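Participant: So here's run30.tsv (TSV, C-alpha atoms).
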chain	number	residue	atom	x	y	z
A	271	MET	CA	52.84	57.92	-52.03
A	272	GLN	CA	55.41	55.37	-52.83
A	273	PRO	CA	55.67	52.46	-50.42
A	274	SER	CA	59.24	53.42	-49.77
A	275	GLU	CA	58.15	56.81	-48.42
A	276	LEU	CA	56.05	55.28	-45.60
A	277	PRO	CA	57.56	54.78	-42.22
A	278	ASP	CA	58.20	51.19	-41.16
A	279	LEU	CA	55.29	50.24	-38.94
A	280	ALA	CA	55.98	46.60	-38.11
A	281	HIS	CA	53.23	46.47	-35.53
A	282	THR	CA	50.57	47.22	-38.17
A	283	ARG	CA	51.37	44.25	-40.29
A	284	THR	CA	48.74	41.53	-40.08
A	285	ARG	CA	49.66	37.96	-39.52
A	286	PRO	CA	47.41	34.86	-39.60
A	287	ALA	CA	47.35	34.71	-35.78
A	288	HIS	CA	45.88	38.23	-35.67
A	289	TRP	CA	43.12	37.29	-38.10
A	290	LEU	CA	42.26	34.13	-36.14
A	291	ALA	CA	42.06	36.00	-32.84
A	292	THR	CA	39.86	38.71	-34.38
A	293	ALA	CA	37.56	36.12	-36.00
A	294	ALA	CA	37.21	34.17	-32.73
A	295	ALA	CA	36.38	37.32	-30.73
A	296	LEU	CA	33.82	38.41	-33.34
A	297	ALA	CA	32.19	34.95	-33.41
A	298	ALA	CA	31.93	34.92	-29.61
A	299	ALA	CA	30.33	38.39	-29.56
A	300	ILE	CA	27.79	37.41	-32.24
A	301	ALA	CA	26.91	34.15	-30.44
A	302	LEU	CA	26.44	35.95	-27.12
A	303	ALA	CA	24.26	38.65	-28.68
A	304	GLY	CA	22.18	36.04	-30.55
A	305	GLY	CA	21.69	33.98	-27.39
A	306	LEU	CA	20.55	36.96	-25.36
A	307	GLN	CA	18.21	38.10	-28.10
A	308	SER	CA	16.55	34.69	-28.50
A	309	ALA	CA	16.11	34.33	-24.73
A	310	THR	CA	14.32	37.66	-24.41
A	311	ALA	CA	12.36	37.27	-27.66
A	312	SER	CA	10.88	33.93	-26.57
A	313	GLN	CA	9.67	35.46	-23.31
A	314	PRO	CA	8.18	38.89	-23.97
A	315	GLY	CA	8.52	41.21	-21.01
A	316	LYS	CA	11.24	39.09	-19.43
A	317	THR	CA	14.91	39.91	-19.18
A	318	ALA	CA	17.62	37.50	-20.17
A	319	ALA	CA	18.80	35.02	-17.58
A	320	ARG	CA	21.79	36.09	-15.57
A	321	PRO	CA	24.79	33.88	-15.00
A	322	GLY	CA	24.11	31.63	-12.04
A	323	ASP	CA	20.34	31.59	-12.60
A	324	HIS	CA	19.02	28.05	-12.81
A	325	ALA	CA	15.54	27.01	-13.86
A	326	ALA	CA	13.66	24.74	-11.46
A	327	PRO	CA	13.44	21.16	-12.69
A	328	ALA	CA	10.19	20.37	-14.46
A	329	ASP	CA	7.61	18.59	-12.29
A	330	PRO	CA	6.58	15.39	-14.13
A	331	ARG	CA	3.30	15.09	-12.23
A	332	PRO	CA	0.20	16.08	-14.17
A	333	LYS	CA	-1.52	19.29	-13.09
A	334	THR	CA	-4.90	17.58	-13.36
A	335	ALA	CA	-6.51	15.54	-10.59
A	336	PRO	CA	-6.03	11.75	-10.68
A	337	ASP	CA	-8.68	9.81	-12.60
A	338	PRO	CA	-10.32	7.25	-10.29
A	339	ALA	CA	-11.22	5.08	-13.29
A	340	ARG	CA	-7.49	4.33	-13.66
A	341	VAL	CA	-7.03	3.12	-10.05
A	342	ALA	CA	-7.92	-0.19	-8.39
A	343	LEU	CA	-9.66	0.84	-5.17
A	344	PRO	CA	-9.12	-1.39	-2.11
A	345	LEU	CA	-12.65	-2.79	-2.14
A	346	GLU	CA	-13.41	-6.51	-1.98
A	347	CYS	CA	-16.48	-6.79	-4.17
A	348	GLY	CA	-15.80	-9.99	-6.07
A	349	ALA	CA	-17.61	-10.36	-9.38
A	350	ILE	CA	-20.17	-7.61	-8.72
A	351	GLY	CA	-17.63	-4.81	-9.06
A	352	SER	CA	-17.63	-1.39	-7.44
A	353	VAL	CA	-19.26	1.99	-7.98
A	354	ILE	CA	-17.88	5.46	-7.29
A	355	SER	CA	-20.79	7.28	-5.71
A	356	GLN	CA	-19.08	10.63	-5.17
A	357	LYS	CA	-15.92	12.40	-6.32
A	358	THR	CA	-14.32	15.73	-5.48
A	359	THR	CA	-10.94	17.29	-6.28
A	360	GLY	CA	-8.66	19.88	-4.69
A	361	ASP	CA	-5.17	20.52	-3.36
A	362	LEU	CA	-4.96	18.81	0.03
A	363	ASP	CA	-1.24	19.02	0.80
A	364	GLY	CA	-0.34	22.48	-0.52
A	365	ASP	CA	1.83	21.31	-3.44
A	366	ARG	CA	-0.40	23.06	-6.04
A	367	THR	CA	-1.28	19.68	-7.56
A	368	PRO	CA	-4.89	18.54	-7.08
A	369	GLU	CA	-5.78	15.28	-5.40
A	370	THR	CA	-9.02	13.33	-5.91
A	371	VAL	CA	-11.20	12.05	-3.07
A	372	VAL	CA	-13.78	9.39	-3.86
A	373	ALA	CA	-16.51	7.59	-2.00
A	374	ALA	CA	-17.03	4.11	-3.42
A	375	HIS	CA	-18.92	0.94	-2.56
A	376	CYS	CA	-19.65	-2.50	-3.96
A	377	ASP	CA	-22.35	-2.54	-6.63
A	378	ALA	CA	-24.72	-4.65	-4.53
A	379	GLY	CA	-27.89	-3.64	-6.38
A	380	SER	CA	-29.99	-3.46	-3.22
A	381	GLY	CA	-29.65	-2.26	0.35
A	382	THR	CA	-27.08	0.34	1.32
A	383	PRO	CA	-23.61	-1.13	0.91
A	384	PRO	CA	-20.96	0.56	3.10
A	385	SER	CA	-18.69	3.17	1.56
A	386	GLY	CA	-14.98	3.58	1.60
A	387	ILE	CA	-13.48	7.06	1.24
A	388	TYR	CA	-10.12	7.16	-0.54
A	389	VAL	CA	-7.60	9.87	-1.41
A	390	LEU	CA	-5.88	9.54	-4.80
A	391	ALA	CA	-2.69	11.31	-5.87
A	392	HIS	CA	-0.13	11.00	-8.65
A	393	ASP	CA	3.07	9.07	-8.01
A	394	ARG	CA	6.44	10.47	-9.14
A	395	LYS	CA	5.89	9.16	-12.64
A	396	GLY	CA	2.43	10.73	-12.93
A	397	ALA	CA	0.36	7.55	-12.45
A	398	PRO	CA	-2.67	7.78	-10.11
A	399	ARG	CA	-2.67	5.73	-6.91
A	400	VAL	CA	-4.51	5.44	-3.58
A	401	VAL	CA	-2.52	7.28	-0.90
A	402	ALA	CA	-4.97	7.13	2.04
A	403	THR	CA	-8.14	5.48	3.24
A	404	LEU	CA	-10.21	7.94	5.28
A	405	ILE	CA	-13.14	5.59	5.95
A	406	ASP	CA	-12.92	1.83	5.51
A	407	THR	CA	-15.98	-0.24	4.54
A	408	SER	CA	-15.60	-2.17	7.81
A	409	ARG	CA	-17.08	0.88	9.62
A	410	GLN	CA	-20.42	0.12	7.92
A	411	GLN	CA	-21.09	3.76	7.01
A	412	THR	CA	-22.33	5.42	3.85
A	413	ALA	CA	-20.65	8.59	2.64
A	414	ASP	CA	-22.89	11.52	1.80
A	415	LYS	CA	-22.01	15.12	0.78
A	416	LEU	CA	-18.30	14.63	0.11
A	417	ALA	CA	-16.41	17.90	-0.47
A	418	ILE	CA	-13.05	19.68	-0.23
A	419	HIS	CA	-12.93	23.13	1.40
A	420	ASP	CA	-9.73	25.06	2.22
A	421	GLY	CA	-7.56	21.95	1.90
A	422	ALA	CA	-9.78	19.79	4.13
A	423	VAL	CA	-11.97	16.83	3.15
A	424	THR	CA	-15.47	16.96	4.63
A	425	ALA	CA	-18.17	14.33	4.54
A	426	THR	CA	-21.50	13.48	6.06
A	427	LEU	CA	-21.54	9.84	7.19
A	428	LEU	CA	-24.68	7.77	7.61
A	429	GLY	CA	-24.62	4.71	9.86
A	430	TYR	CA	-26.58	2.32	12.04
A	431	SER	CA	-27.33	2.38	15.76
A	432	SER	CA	-27.28	-1.44	16.06
A	433	ALA	CA	-26.80	-4.65	14.11
A	434	GLN	CA	-30.59	-5.05	14.10
A	435	THR	CA	-31.16	-1.82	12.15
A	436	PRO	CA	-32.03	-2.78	8.55
A	437	ARG	CA	-29.16	-2.11	6.13
A	438	CYS	CA	-31.52	-0.25	3.83
A	439	CYS	CA	-32.20	2.47	6.34
A	440	PRO	CA	-29.33	4.23	8.15
A	441	ASP	CA	-30.54	5.84	11.37
A	442	LEU	CA	-27.43	7.79	12.46
A	443	LYS	CA	-25.72	10.79	10.92
A	444	GLU	CA	-22.37	12.45	11.68
A	445	THR	CA	-19.99	14.88	10.02
A	446	ALA	CA	-16.26	14.41	9.62
A	447	GLU	CA	-13.29	16.45	8.45
A	448	TRP	CA	-9.75	15.33	7.57
A	449	GLN	CA	-6.65	17.41	6.92
A	450	TRP	CA	-3.12	16.60	5.79
A	451	LYS	CA	-0.85	17.16	8.81
A	452	ASP	CA	2.59	15.81	9.69
A	453	GLY	CA	2.69	13.55	6.63
A	454	LYS	CA	-0.73	11.91	7.07
A	455	PHE	CA	-4.45	12.60	7.00
A	456	LEU	CA	-5.87	13.28	10.45
A	457	ARG	CA	-9.51	13.58	11.43
A	458	THR	CA	-9.53	17.16	12.70
A	459	ALA	CA	-13.23	17.93	13.22
A	460	GLY	CA	-16.66	16.43	13.09
A	461	SER	CA	-19.76	15.72	15.10
A	462	GLU	CA	-20.83	12.77	17.20
A	463	PRO	CA	-23.36	10.41	15.58
A	464	ARG	CA	-26.95	11.58	16.12
A	465	ALA	CA	-30.28	10.08	15.23
A	466	LEU	CA	-31.77	10.96	11.86
Since I need it in another form, could you write the structure as structure tokens?
Facilitator:
Amino acid sequence: MQPSELPDLAHTRTRPAHWLATAAALAAAIALAGGLQSATASQPGKTAARPGDHAAPADPRPKTAPDPARVALPLECGAIGSVISQKTTGDLDGDRTPETVVAAHCDAGSGTPPSGIYVLAHDRKGAPRVVATLIDTSRQQTADKLAIHDGAVTATLLGYSSAQTPRCCPDLKETAEWQWKDGKFLRTAGSEPRAL
């Protein structure tokens, strides 16, 4: 057919604006398809995110329990230093991040130095720190059988019936339990001191 024999179809003539619009639409479709494919390929079994879905911000705290070797415990031991006699870990506040509970005392070398029981957690930047003192050394007790069960700290505490009882030989025993409630650790159970 000769070009002169064709009807005049002005609307079928292409102009640069038509080509630009077509190219932009095609590029957008390819980008969208590629984005959806990479999102589902990187997570097998998962569907692509829907508009309006937002991922939760990443929690900077480590998922491991705090290391007591990286924390200065509130013990006044002077030059002799301190010793961690017991350590246990578990989630105490329900945030799915484990805390560490330690029993520590001054490294006296003889006798039975009193224990302190401390709860360690990570701060917002992930550094370990002491967040609670459950037993202070001023109570003159020694921690024994420290554990975490069902979000509660339990301990057996050994003590003395009088100031005349030799510090080598505790003669009283009691049990104690602490739980995280209302933003603090509360002693929730335990026994009265009884003779060993």
Participant: Give me, as JSON lines, the closest atom pair and its distance (Å, one decimal) for every residue of segment 341-377 of chain A within a cut-off of 10 Å of segment 390-414 of chain A, counting all atoms listed in the file, rows sorted by chain and rising number.
Facilitator:
{"residue": "A:Val341", "atom": "CA", "partner": "A:Arg399", "partner_atom": "CA", "distance": 6.0}
{"residue": "A:Ala342", "atom": "CA", "partner": "A:Arg399", "partner_atom": "CA", "distance": 8.0}
{"residue": "A:Leu343", "atom": "CA", "partner": "A:Val400", "partner_atom": "CA", "distance": 7.1}
{"residue": "A:Pro344", "atom": "CA", "partner": "A:Val400", "partner_atom": "CA", "distance": 8.4}
{"residue": "A:Leu345", "atom": "CA", "partner": "A:Thr407", "partner_atom": "CA", "distance": 7.9}
{"residue": "A:Glu346", "atom": "CA", "partner": "A:Thr407", "partner_atom": "CA", "distance": 9.4}
{"residue": "A:Ser355", "atom": "CA", "partner": "A:Ala413", "partner_atom": "CA", "distance": 8.5}
{"residue": "A:Gln356", "atom": "CA", "partner": "A:Asp414", "partner_atom": "CA", "distance": 8.0}
{"residue": "A:Thr359", "atom": "CA", "partner": "A:Leu390", "partner_atom": "CA", "distance": 9.4}
{"residue": "A:Asp361", "atom": "CA", "partner": "A:Ala391", "partner_atom": "CA", "distance": 9.9}
{"residue": "A:Leu362", "atom": "CA", "partner": "A:Ala391", "partner_atom": "CA", "distance": 9.8}
{"residue": "A:Thr367", "atom": "CA", "partner": "A:Ala391", "partner_atom": "CA", "distance": 8.7}
{"residue": "A:Pro368", "atom": "CA", "partner": "A:Ala391", "partner_atom": "CA", "distance": 7.7}
{"residue": "A:Glu369", "atom": "CA", "partner": "A:Ala391", "partner_atom": "CA", "distance": 5.1}
{"residue": "A:Thr370", "atom": "CA", "partner": "A:Leu390", "partner_atom": "CA", "distance": 5.0}
{"residue": "A:Val371", "atom": "CA", "partner": "A:Leu390", "partner_atom": "CA", "distance": 6.1}
{"residue": "A:Val372", "atom": "CA", "partner": "A:Leu390", "partner_atom": "CA", "distance": 8.0}
{"residue": "A:Ala373", "atom": "CA", "partner": "A:Ala413", "partner_atom": "CA", "distance": 6.3}
{"residue": "A:Ala374", "atom": "CA", "partner": "A:Ala413", "partner_atom": "CA", "distance": 8.4}
{"residue": "A:His375", "atom": "CA", "partner": "A:Thr407", "partner_atom": "CA", "distance": 7.8}
{"residue": "A:Cys376", "atom": "CA", "partner": "A:Thr407", "partner_atom": "CA", "distance": 9.5}
Participant: Would you mind telling me which residue in A:Asp363, A:Asp337, A:Asp441, A:Asp452 lies nearest to Ile418 of chain A when using only C-alpha atoms?
Facilitator: A:Asp363
Participant: Quick check, in Å to one decimal: how far apart do atom CA of Thr426 of chain A and atom CA of Leu442 of chain A lie?
Facilitator: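 Going from atom CA of Thr426 of chain A over to atom CA of Leu442 of chain A, I get 10.4 Å.
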Participant: Between atom CA of Pro463 of chain A and atom CA of Pro384 of chain A, what is the distance in Å, rounded to a tenth?
Facilitator: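 These atoms are spaced 16.1 Å apart.
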Participant: Go ahead and compute the interatomic distance for atom CA of Ala339 of chain A and atom CA of Leu428 of chain A, in Å to one decimal.
Facilitator: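 So the two atoms, atom CA of Ala339 of chain A and atom CA of Leu428 of chain A, lie 25.0 Å apart.
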Participant: Given the choices A:Ala433, A:Ala446, A:Ala378, A:Leu466, which gets closest to Ala349 of chain A if the distance is worked out from all atoms listed in the file?
Facilitator: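 Result for the nearest residue to Ala349 of chain A: A:Ala378.
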